[in-house]
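Engineer: Got a structure for you, model14.txt, holding compact mmCIF, C-alpha atoms and all ligand atoms.
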# COMPACT_ATOMS: atom_id res chain seq x y z
CA MET A 53 0.00 0.00 0.00
CA ASN A 54 1.10 3.53 -0.75
CA ASN A 55 2.47 5.25 2.33
CA SER A 56 1.47 8.73 1.18
CA ASN A 57 -2.18 7.69 1.59
CA ARG A 58 -1.73 6.85 5.25
CA LEU A 59 -3.87 8.75 7.70
CA ASP A 60 -2.37 11.48 9.82
CA PRO A 61 -3.17 10.65 13.47
CA ARG A 62 -3.06 14.36 14.31
CA ALA A 63 -5.72 15.31 11.73
CA PRO A 64 -8.84 16.63 13.50
CA LEU A 65 -11.24 14.02 12.13
CA VAL A 66 -8.94 11.03 12.53
CA LEU A 67 -9.61 8.97 15.64
CA ASP A 68 -7.47 6.41 17.36
CA THR A 69 -9.34 3.20 18.24
CA ARG A 70 -6.43 1.42 19.93
CA GLU A 71 -8.07 1.84 23.34
CA LEU A 72 -10.79 -0.59 22.28
CA GLY A 73 -8.13 -3.28 22.17
CA ARG A 74 -9.87 -5.16 19.36
CA ARG A 75 -12.09 -6.78 21.96
CA PRO A 76 -15.59 -7.21 20.53
CA GLY A 77 -18.03 -5.45 22.83
CA SER A 78 -15.64 -2.83 24.11
CA MET A 79 -16.99 0.64 23.55
CA ARG A 80 -15.98 4.24 23.84
CA GLU A 81 -18.20 7.30 23.70
CA MET A 82 -16.98 10.80 23.17
CA THR A 83 -18.12 14.31 22.45
CA LEU A 84 -15.79 16.61 20.60
CA THR A 85 -15.79 19.78 18.60
CA GLU A 86 -13.58 19.90 15.53
CA PRO A 87 -13.03 22.48 12.79
CA ALA A 88 -14.92 21.72 9.58
CA PRO A 89 -12.78 20.47 6.70
CA ALA A 90 -12.83 22.27 3.34
CA ASP A 91 -15.73 21.64 0.94
CA LEU A 92 -18.13 20.30 3.56
CA GLY A 93 -21.31 20.80 1.57
CA ILE A 94 -22.37 21.79 -1.93
CA GLU A 95 -21.58 24.91 -3.92
CA VAL A 96 -24.53 26.98 -2.71
CA LEU A 97 -24.74 25.70 0.87
CA GLY A 98 -22.30 24.20 3.32
CA VAL A 99 -20.37 24.33 6.56
CA ALA A 100 -17.71 27.04 6.35
CA GLU A 101 -14.20 25.65 6.55
CA GLY A 102 -12.87 25.88 10.08
CA SER A 103 -16.25 26.53 11.70
CA PRO A 104 -17.03 24.20 14.63
CA VAL A 105 -18.60 20.79 14.06
CA GLU A 106 -19.96 19.23 17.26
CA LEU A 107 -19.64 15.47 17.22
CA ASP A 108 -21.22 12.87 19.48
CA LEU A 109 -19.53 9.58 18.74
CA ARG A 110 -19.67 5.98 19.81
CA LEU A 111 -16.90 3.61 18.79
CA GLU A 112 -17.71 -0.03 19.26
CA ALA A 113 -15.40 -2.96 18.63
CA VAL A 114 -17.07 -5.78 16.71
CA MET A 115 -15.62 -8.97 15.25
CA GLU A 116 -14.51 -7.51 11.91
CA GLY A 117 -13.62 -4.01 12.97
CA VAL A 118 -14.93 -0.89 14.64
CA LEU A 119 -18.48 0.39 14.27
CA VAL A 120 -18.69 4.16 14.39
CA THR A 121 -22.07 5.75 15.15
CA GLY A 122 -22.52 9.42 15.63
CA THR A 123 -24.24 12.71 15.12
CA ALA A 124 -22.77 15.95 13.87
CA ARG A 125 -24.12 19.46 14.36
CA ALA A 126 -22.88 22.51 12.52
CA THR A 127 -23.94 25.85 11.10
CA LEU A 128 -24.68 26.05 7.40
CA THR A 129 -24.14 29.16 5.38
CA GLY A 130 -25.07 29.73 1.78
CA GLU A 131 -27.44 31.62 -0.43
CA CYS A 132 -31.02 31.25 -1.57
CA ALA A 133 -31.15 29.57 -4.98
CA ARG A 134 -33.92 31.95 -6.12
CA CYS A 135 -33.12 35.38 -4.69
CA LEU A 136 -29.42 34.92 -3.80
CA GLU A 137 -29.86 36.36 -0.30
CA PRO A 138 -27.40 34.93 2.23
CA LEU A 139 -28.93 32.31 4.47
CA VAL A 140 -27.88 30.61 7.68
CA ASP A 141 -29.21 27.30 8.93
CA GLU A 142 -28.33 24.54 11.34
CA ILE A 143 -27.64 20.98 10.32
CA ASP A 144 -27.89 17.91 12.49
CA VAL A 145 -26.99 14.61 10.82
CA ARG A 146 -26.54 11.02 11.90
CA PHE A 147 -24.07 8.58 10.46
CA GLN A 148 -22.88 5.05 10.97
CA GLU A 149 -20.06 3.14 9.36
CA LEU A 150 -18.23 -0.10 9.94
CA PHE A 151 -14.47 0.26 9.63
CA VAL A 152 -13.02 -3.16 8.89
CA TYR A 153 -9.60 -4.17 10.24
CA GLU A 154 -7.10 -3.98 7.39
CA ASP A 155 -6.07 -7.60 7.83
CA HIS A 156 -9.73 -8.67 7.67
CA ALA A 157 -10.50 -6.94 4.38
CA SER A 158 -9.64 -8.93 1.27
CA ASP A 159 -7.85 -7.06 -1.52
CA ASP A 160 -10.88 -6.73 -3.76
CA GLU A 161 -12.95 -5.59 -0.81
CA GLU A 162 -10.64 -2.78 0.15
CA ASP A 163 -12.07 -0.29 -2.33
CA GLU A 164 -15.66 -0.80 -1.24
CA VAL A 165 -15.43 -0.95 2.52
CA SER A 166 -13.97 1.54 4.95
CA THR A 167 -10.90 0.17 6.63
CA LEU A 168 -8.98 1.04 9.73
CA GLN A 169 -5.43 2.16 9.09
CA ASP A 170 -3.02 1.53 11.95
CA ASP A 171 -6.10 1.43 14.21
CA LEU A 172 -7.15 4.87 12.97
CA VAL A 173 -10.53 5.80 11.51
CA ASP A 174 -11.09 8.76 9.23
CA LEU A 175 -14.42 10.45 9.90
CA GLU A 176 -14.10 13.00 7.13
CA PRO A 177 -15.63 11.04 4.20
CA LEU A 178 -18.38 9.82 6.51
CA LEU A 179 -19.19 13.31 7.70
CA ARG A 180 -19.08 14.73 4.18
CA ASP A 181 -21.50 12.10 2.81
CA ALA A 182 -23.91 12.62 5.70
CA VAL A 183 -23.88 16.40 5.33
CA VAL A 184 -24.22 16.44 1.54
CA LEU A 185 -27.10 13.95 1.65
CA ALA A 186 -28.95 16.09 4.18
CA LEU A 187 -28.70 19.30 2.18
CA PRO A 188 -31.60 20.51 0.06
CA PHE A 189 -30.85 20.43 -3.67
CA GLN A 190 -32.00 24.04 -3.94
CA PRO A 191 -31.69 25.95 -0.67
CA LEU A 192 -34.36 28.63 -0.27
CA CYS A 193 -34.59 31.54 2.19
CA ARG A 194 -38.26 30.55 2.59
CA ASP A 195 -40.35 27.91 0.81
CA ASP A 196 -42.30 30.42 -1.25
CA CYS A 197 -39.42 32.75 -2.08
CA PRO A 198 -40.62 34.63 -5.20
CA GLY A 199 -37.06 35.12 -6.46
CA LEU A 200 -35.84 38.03 -8.53
CA CYS A 201 -37.57 40.19 -11.13
CA THR A 202 -36.59 38.86 -14.55
CA GLU A 203 -36.50 42.39 -15.92
CA CYS A 204 -34.52 44.39 -13.36
CA GLY A 205 -33.22 41.81 -10.85
CA ALA A 206 -35.02 43.35 -7.85
CA ARG A 207 -35.75 40.96 -4.97
CA LEU A 208 -39.51 40.38 -5.23
CA ALA A 209 -39.94 39.42 -1.55
CA ASP A 210 -38.95 43.00 -0.62
CA ASP A 211 -41.34 44.51 -3.13
CA PRO A 212 -44.27 42.19 -3.89
CA ASP A 213 -46.20 44.78 -5.92
CA HIS A 214 -43.25 45.34 -8.17
CA ALA A 215 -44.28 45.95 -11.78
CA HIS A 216 -42.90 47.37 -14.99
CA GLU A 217 -44.66 49.23 -17.77
CA ALA A 218 -45.67 46.70 -20.38
CA ALA A 219 -43.39 47.44 -23.27
CA ILE A 220 -43.58 45.87 -26.70
CA ASP A 221 -40.87 43.28 -26.90
CA PRO A 222 -38.61 44.20 -29.84
CA ARG A 223 -38.69 40.55 -30.98
CA TRP A 224 -42.47 40.76 -31.39
CA ALA A 225 -42.13 43.99 -33.33
CA ALA A 226 -39.76 42.27 -35.75
CA LEU A 227 -42.16 39.35 -36.16
CA THR A 228 -45.05 41.66 -36.96
CA GLU A 229 -42.98 43.23 -39.65
CA LEU A 230 -42.06 39.83 -41.13
CA GLU A 231 -45.69 38.78 -41.28
CA THR A 232 -46.61 41.94 -43.13
CA ASN A 233 -43.91 41.33 -45.70
CA ASP A 234 -45.08 37.73 -46.06
CA ASP A 235 -48.62 38.86 -46.76
CA GLN A 236 -47.41 41.16 -49.46
CA SER A 237 -45.31 38.50 -51.20
CA THR A 238 -48.20 36.00 -51.13
CA ARG A 239 -50.46 38.54 -52.64
CA SER A 240 -47.97 39.34 -55.39
CA THR A 241 -47.66 35.67 -56.51
CA GLU A 242 -51.41 35.31 -56.61
CA GLN A 243 -51.69 38.23 -58.95
ZN ZN B 1 -34.94 33.71 -1.48
ZN ZN B 2 -38.22 44.62 -11.98
Can you dump the structure from the file as C-alpha cells?
Structural biologist:
Amino acid sequence: MNNSNRLDPRAPLVLDTRELGRRPGSMREMTLTEPAPADLGIEVLGVAEGSPVELDLRLEAVMEGVLVTGTARATLTGECARCLEPLVDEIDVRFQELFVYEDHASDDEEDEVSTLQDDLVDLEPLLRDAVVLALPFQPLCRDDCPGLCTECGARLADDPDHAHEAAIDPRWAALTELETNDDQSTRSTEQ
C-alpha cells in the first residue's frame, strides 16, 4: 500500500481506536468539537471551513472491525437559490459506518469498505457524505421565495407589488414586420 495515503493521526477528524483493544463489545463514547474540513457541503450551501462541528460519537469494537455511530451538528451558510440572499441554517446529521480491520479486508474488498489504518478511523468522508445527503438540492430563504424580477433583478420578496410598464418586446415587433412582408409577397404571386 502507498504510504502517502496513510492517515495522519493528528488530523482533527482522525480517531485512534487502539483503546478498544480489538475486543468485541468494548466501547468508547466521546463528544468533541472539531473544525470543519474544506468543501463540507455543496456549492450553494455548506459548513464554512474551520467553523465548529460538534460530534457525538460511539466507537464499538465488533468482530470484523470498529463500528462508528454518531451525530454531527454545525452551522450552514449559503445563499437562496432563487433570490441569492445569504442564508444561515443549522444541520444535524446522523451517520454510521463499519471500519473493517485492514487484515480482515480482502484485496478486492478494500475499495468498497472503509478500513482502519493503523487502528485509525477517518471520519471525514463519513461526515461529508452525511452532510451532503442532508442538504436541500436548492436551498431557499423561505419555501415560497418569489425570487428576482426577470426584468430588473429586484428581490420580489422585498417589493411584492413590483411591476414594470408593459413594453412591446422588440422581438415581437420584428415578427409583426415579417408577417406583413409575407402577406405582401403571397399577394404578389397570386396576382
Ligand atoms: Zn430567497
Ligand atoms: Zn423589476
Engineer: Write out as a list in words each polymer residue whose atoms come within 6 Å of A:Val173, counting all atoms listed in the file; drop sequence neighbours fewer than 2 positions from it.
Structural biologist: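 My reading of the contact set: Val66, Leu67 and Leu168 of chain A.
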Engineer: Which residues are close to A:Pro212, i.e. within 12 Å by all atoms listed in the file, leaving aside same-chain residues fewer than 6 positions away? Reply as a short mmCIF file (atom, residue, chain, number, x, y, z; two decimals) with C-alpha atoms, keeping the file's coordinate frame.
Structural biologist:
data_model
loop_
_atom_site.label_atom_id
_atom_site.label_comp_id
_atom_site.auth_asym_id
_atom_site.auth_seq_id
_atom_site.Cartn_x
_atom_site.Cartn_y
_atom_site.Cartn_z
CA CYS A 197 -39.42 32.75 -2.08
CA PRO A 198 -40.62 34.63 -5.20
CA GLY A 199 -37.06 35.12 -6.46
CA LEU A 200 -35.84 38.03 -8.53
CA CYS A 201 -37.57 40.19 -11.13
CA ALA A 206 -35.02 43.35 -7.85
#
Engineer: From the list A:Ala88, A:Ala182, A:Leu208, A:Cys132, which residue is nearest ligand ZN 1 (chain B) when using all atoms listed in the file?
Structural biologist: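 Smallest distance to ligand ZN 1 (chain B) is found for A:Cys132.
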Engineer: Could you jot down the atom CA of A:Glu137 to atom CA of A:Ala100 separation for me, Å, one decimal place?
Structural biologist: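 About the pair atom CA of A:Glu137 and atom CA of A:Ala100: they are 16.7 Å apart.
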Engineer: Counting only C-alpha atoms and all ligand atoms, name the residues that have an atom within 8 Å of an atom of ligand ZN 2 (chain B); the answer should be given as a list in words.
Structural biologist: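 Listing the residues within 8 Å of ligand ZN 2 (chain B) gives Leu200, Cys201, Thr202, Glu203, Cys204, Gly205, Ala206, His214, Ala215 and His216 of chain A.
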Engineer: Which residue is closest to A:Arg80? Choose from A:Leu175, A:Leu119, A:Leu192, A:Cys135 and count all atoms listed in the file.
Structural biologist: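 Under the stated criterion, the closest residue is A:Leu119.
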Engineer: Of the residues A:Phe151, A:Leu92, A:Asp195, A:Glu217, which is the one nearest to ligand ZN 1 (chain B), using only C-alpha atoms and all ligand atoms?
Structural biologist: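 Residue with the minimum atom-to-atom distance to ligand ZN 1 (chain B): A:Asp195.
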Engineer: Do you have the atom CA of A:Glu106-atom CA of A:Arg125 distance handy?
Structural biologist: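 Between atom CA of A:Glu106 and atom CA of A:Arg125 the gap is 5.1 Å.
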Engineer: Could you jot down the atom CA of A:Glu142 to atom CA of A:Ala126 separation for me, Å, one decimal place?
Structural biologist: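 We find that atom CA of A:Glu142 and atom CA of A:Ala126 lie 5.9 Å from each other.
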Engineer: Of the candidates A:Arg207, A:Arg134, A:His156, A:Arg180, which shows the shortest atom-to-atom distance to ligand ZN 1 (chain B), using all atoms listed in the file?
Structural biologist: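 Checking each of A:Arg207, A:Arg134, A:His156, A:Arg180 against ligand ZN 1 (chain B), counting all atoms listed in the file, the winner is A:Arg134.
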Engineer: Just checking: using all atoms listed in the file, which residue out of A:Asp211, A:Asp91, A:Glu131, A:Asp155 ends up closest to ligand ZN 1 (chain B)?
Structural biologist: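 Looking at the shortest contact to ligand ZN 1 (chain B), the residue is A:Glu131.
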Engineer: From the list A:Asp181, A:Asp170, A:Asp210, A:Glu86, which residue is nearest A:Pro61 when using only C-alpha atoms?
Structural biologist: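 Of the candidates, the smallest distance to A:Pro61 is held by A:Asp170.
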